[in-house]
Amino acid sequence: MGIMLLVVALVSTLSATAADMADVLYSGGDILTMSGPTPEYVESLAVKDGRIVFAGPLVDARTFIGPGTQAVNLGGKTLLPGFIDTHGHFVYFGKNLVDANLFGCADVADLVARMKKQAERTPADGWIVGFGYQARGMKEGRPPTSAELDQVAADRPVMVVDSSGHLGAANAAAFKAAGITADTSDPAGGQFARGADGKSLLGPMEETALNAVRSKRPPFTGELAARAIIGAADVWASHGQTTAMEAGLGLGNDDIGIVLHAIDEKLLPIDLYVAAKDSALDDTLAAAYSVASQSNPQAGGVVEKLRAARPDLDRRYVNRVRLGGVKFWLDGSLDTAWFTQPYAENPPGKTGAFAGYRQIPDEVLDGVFEKYWPTELQIHMHMNGDAAADQALAAIAKAVQKHGMRDHRPVFVHATWLRIDQIEKIRACGAIPSFLTAGIIPGGDAVVKLWGAERSAGAMAARTFLRSGLPFTFSHDAPVSPVPSILALVDAGVNRLSGSGKVVGPDERIPPYDALRAVTATAAYQLKEEQSKGTLEPGKLADLVVLDRNPLKVEPTTIKDIVVVETIKEGRTVYSR
């Protein structure tokens, strides 16, 4: 019997009241709930007022079907919980949509040519900015110099940032606008490339030095701010994500204003979890307090109106934005990760027994845990090397000793190389790693070369965590990954294929279902939103994604090619292919 005929038959015998009737009933395809350690399917899923009200046999859905119920036949497609971004840079990505695309630059000349085109479409008072090049992938094997960027526009600030977001270069006008001179000392945790005199600025800059320049870029306001948010939301939704993350609000000095504008103008169609950059936390908390202080104890308060549309009544969200954590960078990227043992082969420009370097002193991180461990504000820590993980674990141990163990769920962002003894400590403190599986394709071969056999084989130890019964998630870190594809993360975690086709760490590959859990159920757990998201169960939000094929029923190396057909946020379609 066809789905429509069945619905008609059921409607003829329904006993439901109007209050019980579902808005939509889905059936006719694989409905994968993601609610257990092994795959569980249901025949039908009913949604009302943005919530799931039923998930089970189609015949039992009759009490939720009425004349106003829309019957959706999936036509063999697959329905899953909406994907959850556990570590992305949503606002940063949106701003990059306005900047030059430098991904795949062949050489410096190609980069300069793209930046010249960007100069033509940049207002005269704006910085000319590009993002996405990889120095090791260009013919010269290095970033551009200040003199080369002057070819774009010598009298206007020009800045480029590589695909990791940790390295970049600027011309003389950008350094001047940022107040950086030859006499400026390198900040802790970063450095400016210098000339033979040890002082003159050559253009390239790393880590906190880059941040010192990047933070001086003129702010996005008004229409430009809206374009950044709406553009990012459209891209996130097109990849099946119903919850996004800005994992470092404050990288730009206008980030807080952009998000406040989105709140005021109700621009977001999906949820946005915000983790404030460490140096911007005070300003972010002040902004959050300003929004919250608009509330009043009487009905109709401003904040109550902003929250009114949420069927889950998650009072942490205001117009789809929630300040959930604070973000710290403990070390750098692939070339600057902080290890207890030196690199197997030094990155370009590094000499001696190079083992990367820390970003912040121990006492700073200890102070953060002292202050926020007893609160609901989660602490997210970027770490690639095991020395950075040691620093994090030591700070947690001090907090536990003083304040006791609690359900804080600190996030170990990337946690690329962890020793076995560290994994046991992670178990004890309840930390959750968010593995950047998207980095295996562009960076896997370089990791093998720079980090050596042991570290590359055990990088992003998903299988080890799975065997240990410990939670972990997968993340894209977009725009570090040029496209925020969740299915690409799942594919990478299952196959671990580098750009050259080499399997990096074959023993850490995991089954497709467990990889999907890392971007749905466990992802919701990481964000402390497992009560309302991550699985298809009655009472939870109708955050859904429809795929053209079932990731559990295709050849594993084709998971990344599966197409997102539709993304639904709280019962409303926010993307349709």
# chains A, B, ... in the order shown; residues from 1 in each chain; ligands from 1
$ residues_around --residues "A:Asn550" --least-positions-apart "2" --cutoff "6 Å" --atoms "only C-alpha atoms" --output "PDB file with all heavy atoms, in the first residue's frame"
ATOM      1  N   THR A  78      17.584   8.524   3.209  1.00  0.00           N
ATOM      2  CA  THR A  78      17.901   8.229   4.605  1.00  0.00           C
ATOM      3  C   THR A  78      17.718   9.462   5.476  1.00  0.00           C
ATOM      4  O   THR A  78      18.195  10.549   5.126  1.00  0.00           O
ATOM      5  CB  THR A  78      19.347   7.707   4.729  1.00  0.00           C
ATOM      6  OG1 THR A  78      19.464   6.489   3.999  1.00  0.00           O
ATOM      7  CG2 THR A  78      19.712   7.458   6.182  1.00  0.00           C
ATOM      8  N   LEU A 552      25.733   3.792   5.932  1.00  0.00           N
ATOM      9  CA  LEU A 552      26.053   2.447   6.404  1.00  0.00           C
ATOM     10  C   LEU A 552      25.888   1.390   5.312  1.00  0.00           C
ATOM     11  O   LEU A 552      26.241   0.226   5.519  1.00  0.00           O
ATOM     12  CB  LEU A 552      25.154   2.070   7.591  1.00  0.00           C
ATOM     13  CG  LEU A 552      25.110   3.040   8.763  1.00  0.00           C
ATOM     14  CD1 LEU A 552      24.326   2.437   9.914  1.00  0.00           C
ATOM     15  CD2 LEU A 552      26.506   3.442   9.207  1.00  0.00           C
ATOM     16  N   LYS A 553      25.382   1.810   4.151  1.00  0.00           N
ATOM     17  CA  LYS A 553      25.091   0.842   3.085  1.00  0.00           C
ATOM     18  C   LYS A 553      25.795   1.162   1.773  1.00  0.00           C
ATOM     19  O   LYS A 553      25.384   0.676   0.716  1.00  0.00           O
ATOM     20  CB  LYS A 553      23.575   0.766   2.871  1.00  0.00           C
ATOM     21  CG  LYS A 553      22.811   0.252   4.090  1.00  0.00           C
ATOM     22  CD  LYS A 553      21.314   0.179   3.831  1.00  0.00           C
ATOM     23  CE  LYS A 553      20.570  -0.359   5.044  1.00  0.00           C
ATOM     24  NZ  LYS A 553      19.100  -0.445   4.795  1.00  0.00           N
TER      25      LYS A 553
END
$ residues_around --residues "stretch 484-491 of chain A" --least-positions-apart "6" --cutoff "8 Å" --atoms "only C-alpha atoms" --output "list in words"
Phe83, Asp85, Gly88, Val235, Trp236, His239, Gly240, Gln241, Leu436, Thr437, Ala438, Phe474, Ser475, His476, Asp477, Ala478, Pro512, Ala515, Leu516, Val519, Pro556, Thr557, Thr558, Ile559, Lys560, Asp561 and Ile562 of chain A
$ select_by_dssp --residues "stretch 431-471 of chain A" --states "strand (DSSP E or B)" --output "VMD selection string"
chain A and resid 432 to 435
$ closest_residue --among "A:Val42, A:Leu470, A:Leu377, A:Leu330" --to "A:Ile360" --atoms "only C-alpha atoms"
A:Leu330
$ residues_around --residues "A:Ala523" --least-positions-apart "3" --cutoff "10 Å" --atoms "only C-alpha atoms" --output "PyMOL selection string"
chain A and resi 83-87+243+432+434+471-475+516-520+526-530+533-534
$ write_last_selection --atoms "N, CA, C and O atoms" --output "compact mmCIF listing (two decimals), in the first residue's frame"
# COMPACT_ATOMS: atom_id res chain seq x y z
N PHE A 83 23.28 17.11 11.75
CA PHE A 83 24.68 17.05 12.14
C PHE A 83 25.04 18.23 13.04
O PHE A 83 24.49 19.32 12.91
N ILE A 84 26.00 17.98 13.93
CA ILE A 84 26.40 18.99 14.91
C ILE A 84 27.89 19.30 14.74
O ILE A 84 28.73 18.40 14.77
N ASP A 85 28.18 20.56 14.56
CA ASP A 85 29.55 21.05 14.41
C ASP A 85 30.18 21.17 15.80
O ASP A 85 29.73 21.97 16.62
N THR A 86 31.21 20.39 16.05
CA THR A 86 31.85 20.42 17.38
C THR A 86 33.10 21.27 17.42
O THR A 86 33.66 21.50 18.49
N HIS A 87 33.58 21.71 16.27
CA HIS A 87 34.68 22.67 16.26
C HIS A 87 34.83 23.27 14.88
O HIS A 87 35.51 22.74 14.00
N THR A 243 23.36 22.62 14.03
CA THR A 243 24.04 23.36 15.09
C THR A 243 25.45 23.67 14.61
O THR A 243 26.18 22.76 14.21
N ILE A 432 36.76 15.38 26.51
CA ILE A 432 36.30 14.85 25.24
C ILE A 432 37.17 15.39 24.12
O ILE A 432 37.24 16.61 23.92
N SER A 434 38.03 16.27 20.24
CA SER A 434 37.34 16.52 18.98
C SER A 434 38.38 16.41 17.88
O SER A 434 39.17 17.33 17.65
N PRO A 471 34.12 8.77 24.97
CA PRO A 471 33.51 9.59 23.92
C PRO A 471 34.54 10.39 23.14
O PRO A 471 35.57 10.80 23.68
N PHE A 472 34.24 10.62 21.87
CA PHE A 472 35.06 11.48 21.02
C PHE A 472 34.15 12.02 19.91
O PHE A 472 33.10 11.44 19.62
N THR A 473 34.55 13.12 19.33
CA THR A 473 33.79 13.67 18.22
C THR A 473 34.73 13.96 17.05
O THR A 473 35.95 13.93 17.19
N PHE A 474 34.14 14.24 15.88
CA PHE A 474 34.89 14.64 14.70
C PHE A 474 34.52 16.08 14.36
O PHE A 474 33.38 16.50 14.52
N SER A 475 35.52 16.84 13.87
CA SER A 475 35.26 18.24 13.53
C SER A 475 35.99 18.63 12.26
O SER A 475 36.95 17.99 11.86
N LEU A 516 29.50 8.17 12.46
CA LEU A 516 28.29 8.99 12.45
C LEU A 516 27.89 9.41 13.86
O LEU A 516 27.39 10.52 14.08
N ARG A 517 28.10 8.53 14.84
CA ARG A 517 27.81 8.90 16.23
C ARG A 517 28.66 10.10 16.66
O ARG A 517 28.23 10.93 17.46
N ALA A 518 29.88 10.17 16.11
CA ALA A 518 30.80 11.25 16.49
C ALA A 518 30.32 12.62 16.01
O ALA A 518 30.82 13.63 16.51
N VAL A 519 29.37 12.66 15.08
CA VAL A 519 28.88 13.95 14.58
C VAL A 519 27.40 14.15 14.88
O VAL A 519 26.79 15.11 14.42
N THR A 520 26.83 13.22 15.68
CA THR A 520 25.42 13.36 16.07
C THR A 520 25.27 13.20 17.58
O THR A 520 25.37 14.17 18.32
N GLN A 526 28.98 16.36 23.75
CA GLN A 526 30.10 17.28 23.96
C GLN A 526 29.61 18.68 24.28
O GLN A 526 30.15 19.37 25.15
N LEU A 527 28.56 19.13 23.60
CA LEU A 527 28.04 20.47 23.80
C LEU A 527 27.09 20.57 25.00
O LEU A 527 26.53 21.63 25.26
N LYS A 528 26.91 19.47 25.71
CA LYS A 528 25.95 19.41 26.82
C LYS A 528 24.53 19.71 26.35
O LYS A 528 23.75 20.39 27.03
N GLU A 529 24.19 19.17 25.18
CA GLU A 529 22.85 19.36 24.62
C GLU A 529 22.23 18.02 24.26
O GLU A 529 21.34 17.94 23.41
N GLU A 530 22.68 16.96 24.90
CA GLU A 530 22.19 15.62 24.57
C GLU A 530 20.72 15.42 24.96
O GLU A 530 20.08 14.48 24.47
N LYS A 533 19.16 17.10 21.51
CA LYS A 533 19.71 16.92 20.17
C LYS A 533 20.47 15.60 20.06
O LYS A 533 20.75 14.94 21.05
N GLY A 534 20.83 15.25 18.83
CA GLY A 534 21.78 14.17 18.60
C GLY A 534 21.19 12.82 18.25
O GLY A 534 21.87 11.99 17.65
$ select_by_dssp --residues "stretch 156-307 of chain A" --states "alpha helix (DSSP H)" --output "PyMOL selection string"
chain A and resi 172-178+208-214+222-238+255-265+281-292+302-307
$ residues_around --residues "A:Glu246" --least-positions-apart "3" --cutoff "9 Å" --atoms "only C-alpha atoms" --output "list of chain:residue names"
A:His87, A:Gly88, A:His89, A:Phe90, A:Val91, A:Tyr92, A:Leu249, A:Leu272, A:Tyr273, A:Val274, A:Ala275, A:Ala276
$ closest_residue --among "A:Pro81, A:Pro219, A:Gly179, A:Pro433" --to "A:Val546" --atoms "only C-alpha atoms"
A:Pro81
$ residues_around --residues "A:Leu251" --least-positions-apart "3" --cutoff "12 Å" --atoms "only C-alpha atoms" --output "NGL selection string"
:A and (89-93 or 95 or 165-166 or 207-208 or 210-217 or 219 or 246-248 or 254-256 or 275-281 or 284 or 327-329)
$ closest_residue --among "A:Ala174, A:Gln341, A:Val326, A:Ser333" --to "A:Val368" --atoms "only C-alpha atoms"
A:Val326
$ closest_residue --among "A:Thr340, A:Pro157, A:Asp314, A:Asp162" --to "A:Gln531" --atoms "only C-alpha atoms"
A:Asp314
$ residues_around --residues "A:Tyr41" --least-positions-apart "6" --cutoff "7 Å" --atoms "only C-alpha atoms" --output "list in words"
Asp30, Ile31, Leu32 and Thr33 of chain A
$ closest_residue --among "A:Asp197, A:Asp125, A:Asp407, A:Glu345" --to "A:Trp373" --atoms "only C-alpha atoms"
A:Asp407
$ closest_residue --among "A:Ser576, A:Pro442, A:Trp338, A:Gln391" --to "A:Trp417" --atoms "only C-alpha atoms"
A:Trp338
$ atom_distance --atom1 "atom CA of A:Ala459" --atom2 "atom CA of A:Leu418"
7.4 Å
